[in-house]
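Engineer: First the structure, which I've put down as structure tokens, then a few questions once you've had a look.
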Amino acid sequence: MKKNLPEFGKIVVPKERAVPFGAVTPAPESCQLLFMTGNWRQKRPVIDDKKCTRCLTCYMVCPDACWTFNEEEDRMQWNPSFCKGCQLCTHECPSEALTATPELDFEGGVVRLAKPF
Amino acid sequence: MSNERFLTGCSAAAQAAKMAEVEVICSYPIRPYTAIMMELAKMVANGELDAEFVHGEGEHAQLSVVLGASAAGARAYTGSAGVGVTYAGELYSPVAGGRYPLQMAIADRTLDPPGDFGSEHTDAMTFRDQGWLLGWACSPQEVFDNTLMNYRIGEDHRVMLPQMVCQDGYFISHIPDKVVLPEMSQVKEFLPPYNPPHPLHPERPVSHGPQIRPDQGAPMDAQRAAVFLEVPAVIREATADFNRIFGRKYDPFIEKHKMEDAEIAFFIMGAHSNTCRNTVDELRKKGVKAGMVRLRWVRPWPTHALAEAFAGVKAVASVETSTSYGGAMRGGNLVHELRASLYDLPDKERPLVTSFMAGLGGETIWLHDFEFMAKKLLNMIAEKRTSRYVYWIGFEAEGGKK
């Protein structure tokens, strides 16, 4: 006795939209290019190299490891791809070398992007 | 030679977890499921079971610990009951979304408020839509069997989903019954070792549980839903293998009792089906063509199997041991999906369907309660219509008296 009942159909996820099994990804060596969060940012930290004492407080407090010390140039380097704009660094900087500046003030500010990266 | 024992549902679950050779166990006490962990703790302490036994600081921690263990490639086991099940609520979706086939034993219990220790299906039923396999056993033997079957089905690479293996608190968890324990060779033949595709490992580094982008949410939901389309075939295979290796006669999705020529039928799951089965036999002696369908899996819901089973039956009683306050029928949860499953049957074969709230707060559903339900079903057939969506056993003007 087989009834003529509706079926569940098939769910077709196009290859380009498919997410890896369980969202498991290869572990990043330095940064996770599969998930850039810089486009979350409303304000970005702008550094004044003259005020900066290279104390590395920003490096310590950044939850996304977006501040690194560039030894060759002897200055702090900011990673725009992952900085969410949380402003922890601008708050914690002991020498007031960092200013939270609205993304709209920049020509290529992430709030102007039509698509996330 | 098989080993026949007299075990409670909790002991049966612990014995099955031991024979499944679980590698990481995370406990936190809440009655009535606690007895499972007490047994497992003894087994680990006595050296009978080589597993890491972690005491969580709560149910949220329990689920987090087994998530990590499963990600690292360990067969993981945890459990809870009642408000413990709800306290872990945040973890159910990520455990399924991350595709961790860990197992959670649930000896069910009412939710607060106010605290009532009795059995009720509402705890696990509240989380039925998170992407876990879910079903109730009706005997300690079935608890044992479902524990092994769920690991086999959940860990299948076509599935890779977590499982809630439920038993009614006290009725099953604390009343001993005959359980046949198999040989380890049988278990090994049925249940291969857990072999996840991308375990955490220092030599093959991977990231688990990353934040996904907003545009990845919909495809992840669709992919999880698509897995559930594959699960029934895996359940069929695993049940057939289980029946062959262990000598059982399980139907993959539903137990049918005297349904061949049934005119009225009960739809039920869990412990109370035992009284229901007896009631069907008693009604048959009185000339009433009664039958019973017992649900073995709430997820995946066996839509087609139910439609086939109930086609041609005149009236069906959905026996509800969980609450759906304000729901479509103002009673329990099963009736919604039962009615939806039967909707597409031809007019002549579609039964009248009502529901009965029974066995709530740990109450027993007595033989005379089922007889009351049968009387209502016979009235529906005489009147050729369903006049009520739901009846509350013990709270109706004419019936349910103790």
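Residue numbering restarts at 1 in every chain; chains get A, B, ... in the order shown in the structure tokens, and ligands count up from 1 in that same order.
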Check every residue of chain A for an atom within 8 Å of chain B, counting only C-alpha atoms, and provide those that qualify as an NGL selection string.
Structural biologist: :A and (1-6 or 8 or 10-11 or 13 or 17-19 or 21-28 or 35)
Engineer: With a distance cut-off of 7 Å and only C-alpha atoms, select the neighbouring residues of Ser139 in chain B, excluding the residue or stretch itself and same-chain residues fewer than 5 positions from it, and output the selection as a list in words.
Structural biologist: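 Within the cut-off, the hits are Gly9, Ile172 and Ala271 of chain B.
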Engineer: Counting only C-alpha atoms, which of A:Arg54, A:Asp74, A:Gly109, A:Pro45 gets nearest to Cys89 in chain A?
Structural biologist: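 Using only C-alpha atoms, the shortest distance to Cys89 in chain A belongs to A:Pro45.
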Engineer: Can you tell me, as a list in words, which residues in chain A count as strand (DSSP E or B) by DSSP?
Structural biologist: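 Matching residues, listed in order: Thr25, Pro26, Lys43, Arg44, Pro45, Val46, Ile47, Trp67, Thr68, Phe69, Asn70, Arg75, Met76, Gln77, Trp78, Leu98, Thr99, Ala100, Thr101 and Pro102 of chain A.
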Engineer: With C-alpha atoms retained, write the just-selected residues as a PDB file, in the first residue's frame.
Structural biologist:
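part-v3.pdb, freshly written:
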```
ATOM      1  CA  THR A  25      38.013  25.655   7.788  1.00  0.00           C
ATOM      2  CA  PRO A  26      41.769  25.169   7.404  1.00  0.00           C
ATOM      3  CA  LYS A  43      35.303  54.110  13.395  1.00  0.00           C
ATOM      4  CA  ARG A  44      38.951  53.297  12.776  1.00  0.00           C
ATOM      5  CA  PRO A  45      41.923  54.009  15.018  1.00  0.00           C
ATOM      6  CA  VAL A  46      44.261  56.561  13.400  1.00  0.00           C
ATOM      7  CA  ILE A  47      47.751  56.680  14.856  1.00  0.00           C
ATOM      8  CA  TRP A  67      48.176  45.884  15.910  1.00  0.00           C
ATOM      9  CA  THR A  68      51.708  44.632  15.239  1.00  0.00           C
ATOM     10  CA  PHE A  69      55.067  46.287  15.637  1.00  0.00           C
ATOM     11  CA  ASN A  70      56.892  46.819  12.343  1.00  0.00           C
ATOM     12  CA  ARG A  75      56.186  51.994  13.960  1.00  0.00           C
ATOM     13  CA  MET A  76      52.934  50.246  14.899  1.00  0.00           C
ATOM     14  CA  GLN A  77      51.099  48.701  11.971  1.00  0.00           C
ATOM     15  CA  TRP A  78      47.305  48.405  11.769  1.00  0.00           C
ATOM     16  CA  LEU A  98      45.213  56.927  18.730  1.00  0.00           C
ATOM     17  CA  THR A  99      42.043  58.688  17.550  1.00  0.00           C
ATOM     18  CA  ALA A 100      38.776  56.937  16.679  1.00  0.00           C
ATOM     19  CA  THR A 101      37.903  58.455  13.331  1.00  0.00           C
ATOM     20  CA  PRO A 102      34.593  57.823  11.501  1.00  0.00           C
TER      21      PRO A 102
END
```
Engineer: Quick one: DSSP alpha helix (DSSP H) residues in range 99-282 of chain B, as a PyMOL selection string?
Structural biologist: chain B and resi 122-125+140-155+184-190+214-246+273-282
Engineer: How would the residues just picked look written out with C-alpha atoms as a PDB file, in the first residue's frame?
Structural biologist:
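Output file part_27.pdb is given in full below:
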```
ATOM      1  CA  THR B 122       8.257  18.761  27.552  1.00  0.00           C
ATOM      2  CA  ASP B 123      11.980  19.179  28.376  1.00  0.00           C
ATOM      3  CA  ALA B 124      13.533  17.569  25.303  1.00  0.00           C
ATOM      4  CA  MET B 125      10.497  18.322  23.113  1.00  0.00           C
ATOM      5  CA  PRO B 140      15.108  -0.290  29.535  1.00  0.00           C
ATOM      6  CA  GLN B 141      15.944  -2.719  26.716  1.00  0.00           C
ATOM      7  CA  GLU B 142      15.026  -0.111  24.136  1.00  0.00           C
ATOM      8  CA  VAL B 143      17.086   2.502  26.036  1.00  0.00           C
ATOM      9  CA  PHE B 144      20.084   0.196  25.707  1.00  0.00           C
ATOM     10  CA  ASP B 145      19.373  -0.495  22.041  1.00  0.00           C
ATOM     11  CA  ASN B 146      18.669   3.152  21.138  1.00  0.00           C
ATOM     12  CA  THR B 147      21.954   4.250  22.711  1.00  0.00           C
ATOM     13  CA  LEU B 148      23.912   2.025  20.317  1.00  0.00           C
ATOM     14  CA  MET B 149      21.652   2.744  17.343  1.00  0.00           C
ATOM     15  CA  ASN B 150      21.879   6.504  17.838  1.00  0.00           C
ATOM     16  CA  TYR B 151      25.684   6.487  17.896  1.00  0.00           C
ATOM     17  CA  ARG B 152      25.736   4.387  14.727  1.00  0.00           C
ATOM     18  CA  ILE B 153      23.234   6.643  12.912  1.00  0.00           C
ATOM     19  CA  GLY B 154      24.562   9.947  14.260  1.00  0.00           C
ATOM     20  CA  GLU B 155      28.209   9.139  13.455  1.00  0.00           C
ATOM     21  CA  MET B 184      31.171  -7.029  22.756  1.00  0.00           C
ATOM     22  CA  SER B 185      31.787  -8.746  19.418  1.00  0.00           C
ATOM     23  CA  GLN B 186      28.191  -7.980  18.407  1.00  0.00           C
ATOM     24  CA  VAL B 187      28.559  -4.325  19.428  1.00  0.00           C
ATOM     25  CA  LYS B 188      31.816  -4.053  17.480  1.00  0.00           C
ATOM     26  CA  GLU B 189      30.192  -5.565  14.402  1.00  0.00           C
ATOM     27  CA  PHE B 190      27.354  -3.029  14.612  1.00  0.00           C
ATOM     28  CA  PRO B 214      25.666  36.839   7.200  1.00  0.00           C
ATOM     29  CA  ASP B 215      25.494  35.487   3.629  1.00  0.00           C
ATOM     30  CA  GLN B 216      26.554  32.035   4.889  1.00  0.00           C
ATOM     31  CA  GLY B 217      23.658  31.663   7.336  1.00  0.00           C
ATOM     32  CA  ALA B 218      21.005  30.620   4.838  1.00  0.00           C
ATOM     33  CA  PRO B 219      23.151  28.010   3.061  1.00  0.00           C
ATOM     34  CA  MET B 220      24.143  26.523   6.437  1.00  0.00           C
ATOM     35  CA  ASP B 221      20.469  26.201   7.411  1.00  0.00           C
ATOM     36  CA  ALA B 222      19.680  24.645   4.035  1.00  0.00           C
ATOM     37  CA  GLN B 223      22.603  22.217   4.340  1.00  0.00           C
ATOM     38  CA  ARG B 224      21.472  21.135   7.817  1.00  0.00           C
ATOM     39  CA  ALA B 225      17.920  20.623   6.533  1.00  0.00           C
ATOM     40  CA  ALA B 226      19.265  18.632   3.577  1.00  0.00           C
ATOM     41  CA  VAL B 227      21.014  16.230   5.964  1.00  0.00           C
ATOM     42  CA  PHE B 228      17.652  15.375   7.487  1.00  0.00           C
ATOM     43  CA  LEU B 229      16.465  14.232   4.055  1.00  0.00           C
ATOM     44  CA  GLU B 230      19.257  11.620   4.133  1.00  0.00           C
ATOM     45  CA  VAL B 231      18.685  10.438   7.715  1.00  0.00           C
ATOM     46  CA  PRO B 232      15.691   8.098   7.135  1.00  0.00           C
ATOM     47  CA  ALA B 233      17.679   5.862   4.765  1.00  0.00           C
ATOM     48  CA  VAL B 234      20.489   5.630   7.329  1.00  0.00           C
ATOM     49  CA  ILE B 235      17.985   4.786  10.082  1.00  0.00           C
ATOM     50  CA  ARG B 236      16.532   2.022   7.900  1.00  0.00           C
ATOM     51  CA  GLU B 237      19.988   0.522   7.263  1.00  0.00           C
ATOM     52  CA  ALA B 238      21.076   0.754  10.888  1.00  0.00           C
ATOM     53  CA  THR B 239      17.824  -0.739  12.191  1.00  0.00           C
ATOM     54  CA  ALA B 240      18.054  -3.646   9.759  1.00  0.00           C
ATOM     55  CA  ASP B 241      21.660  -4.309  10.830  1.00  0.00           C
ATOM     56  CA  PHE B 242      20.717  -3.990  14.495  1.00  0.00           C
ATOM     57  CA  ASN B 243      17.829  -6.440  14.127  1.00  0.00           C
ATOM     58  CA  ARG B 244      20.095  -8.916  12.315  1.00  0.00           C
ATOM     59  CA  ILE B 245      23.055  -8.707  14.716  1.00  0.00           C
ATOM     60  CA  PHE B 246      21.129  -8.505  18.000  1.00  0.00           C
ATOM     61  CA  SER B 273       2.669   2.977  25.421  1.00  0.00           C
ATOM     62  CA  ASN B 274       3.013  -0.131  27.603  1.00  0.00           C
ATOM     63  CA  THR B 275      -0.339   0.542  29.313  1.00  0.00           C
ATOM     64  CA  CYS B 276      -1.751   1.616  25.969  1.00  0.00           C
ATOM     65  CA  ARG B 277      -0.764  -1.701  24.369  1.00  0.00           C
ATOM     66  CA  ASN B 278      -2.559  -3.587  27.150  1.00  0.00           C
ATOM     67  CA  THR B 279      -5.628  -1.384  26.722  1.00  0.00           C
ATOM     68  CA  VAL B 280      -5.711  -2.222  23.010  1.00  0.00           C
ATOM     69  CA  ASP B 281      -5.656  -5.929  23.891  1.00  0.00           C
ATOM     70  CA  GLU B 282      -8.456  -5.447  26.441  1.00  0.00           C
TER      71      GLU B 282
END
```
Engineer: Tell me which protein, DNA and RNA residues are within 12 Å of Gly58 in chain B, counting only C-alpha atoms, leaving out same-chain ones fewer than 6 positions away, and put them as a PyMOL selection string.
Structural biologist: chain B and resi 26-30+64-65+78-80+83-89
Engineer: State, in Å with one decimal place, the distance from CA of Tyr77 in chain B to CA of His121 in chain B.
Structural biologist: 20.6 Å
Engineer: Mind pulling up the distance from CA of Leu377 in chain B to CA of Glu396 in chain B?
Structural biologist: 15.2 Å
Engineer: Quick one: pull the distance between CA of Ala45 in chain B and CA of Ala12 in chain B, Å, one decimal.
Structural biologist: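 Pair CA of Ala45 in chain B / CA of Ala12 in chain B returns 18.4 Å.
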Engineer: Smallest atom-to-atom distance to Arg5 in chain B: which of B:Gly326, B:Gly312, B:Pro176, B:Pro196, using only C-alpha atoms?
Structural biologist: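 Looking only at the distances to Arg5 in chain B, the closest residue turns out to be B:Pro176.
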Engineer: Using only C-alpha atoms, can you tell me which of A:Cys83, A:Ala97, A:Val110, A:Leu104 comes closest to Met36 in chain A?
Structural biologist: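 Of A:Cys83, A:Ala97, A:Val110, A:Leu104, the one nearest Met36 in chain A, counting only C-alpha atoms, is A:Cys83.
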Engineer: Counting only C-alpha atoms, which residue out of B:Pro182, B:Gly291, B:Gly118, B:Pro162 sits closest to Lys18 in chain B?
Structural biologist: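 Smallest distance to Lys18 in chain B is found for B:Pro182.
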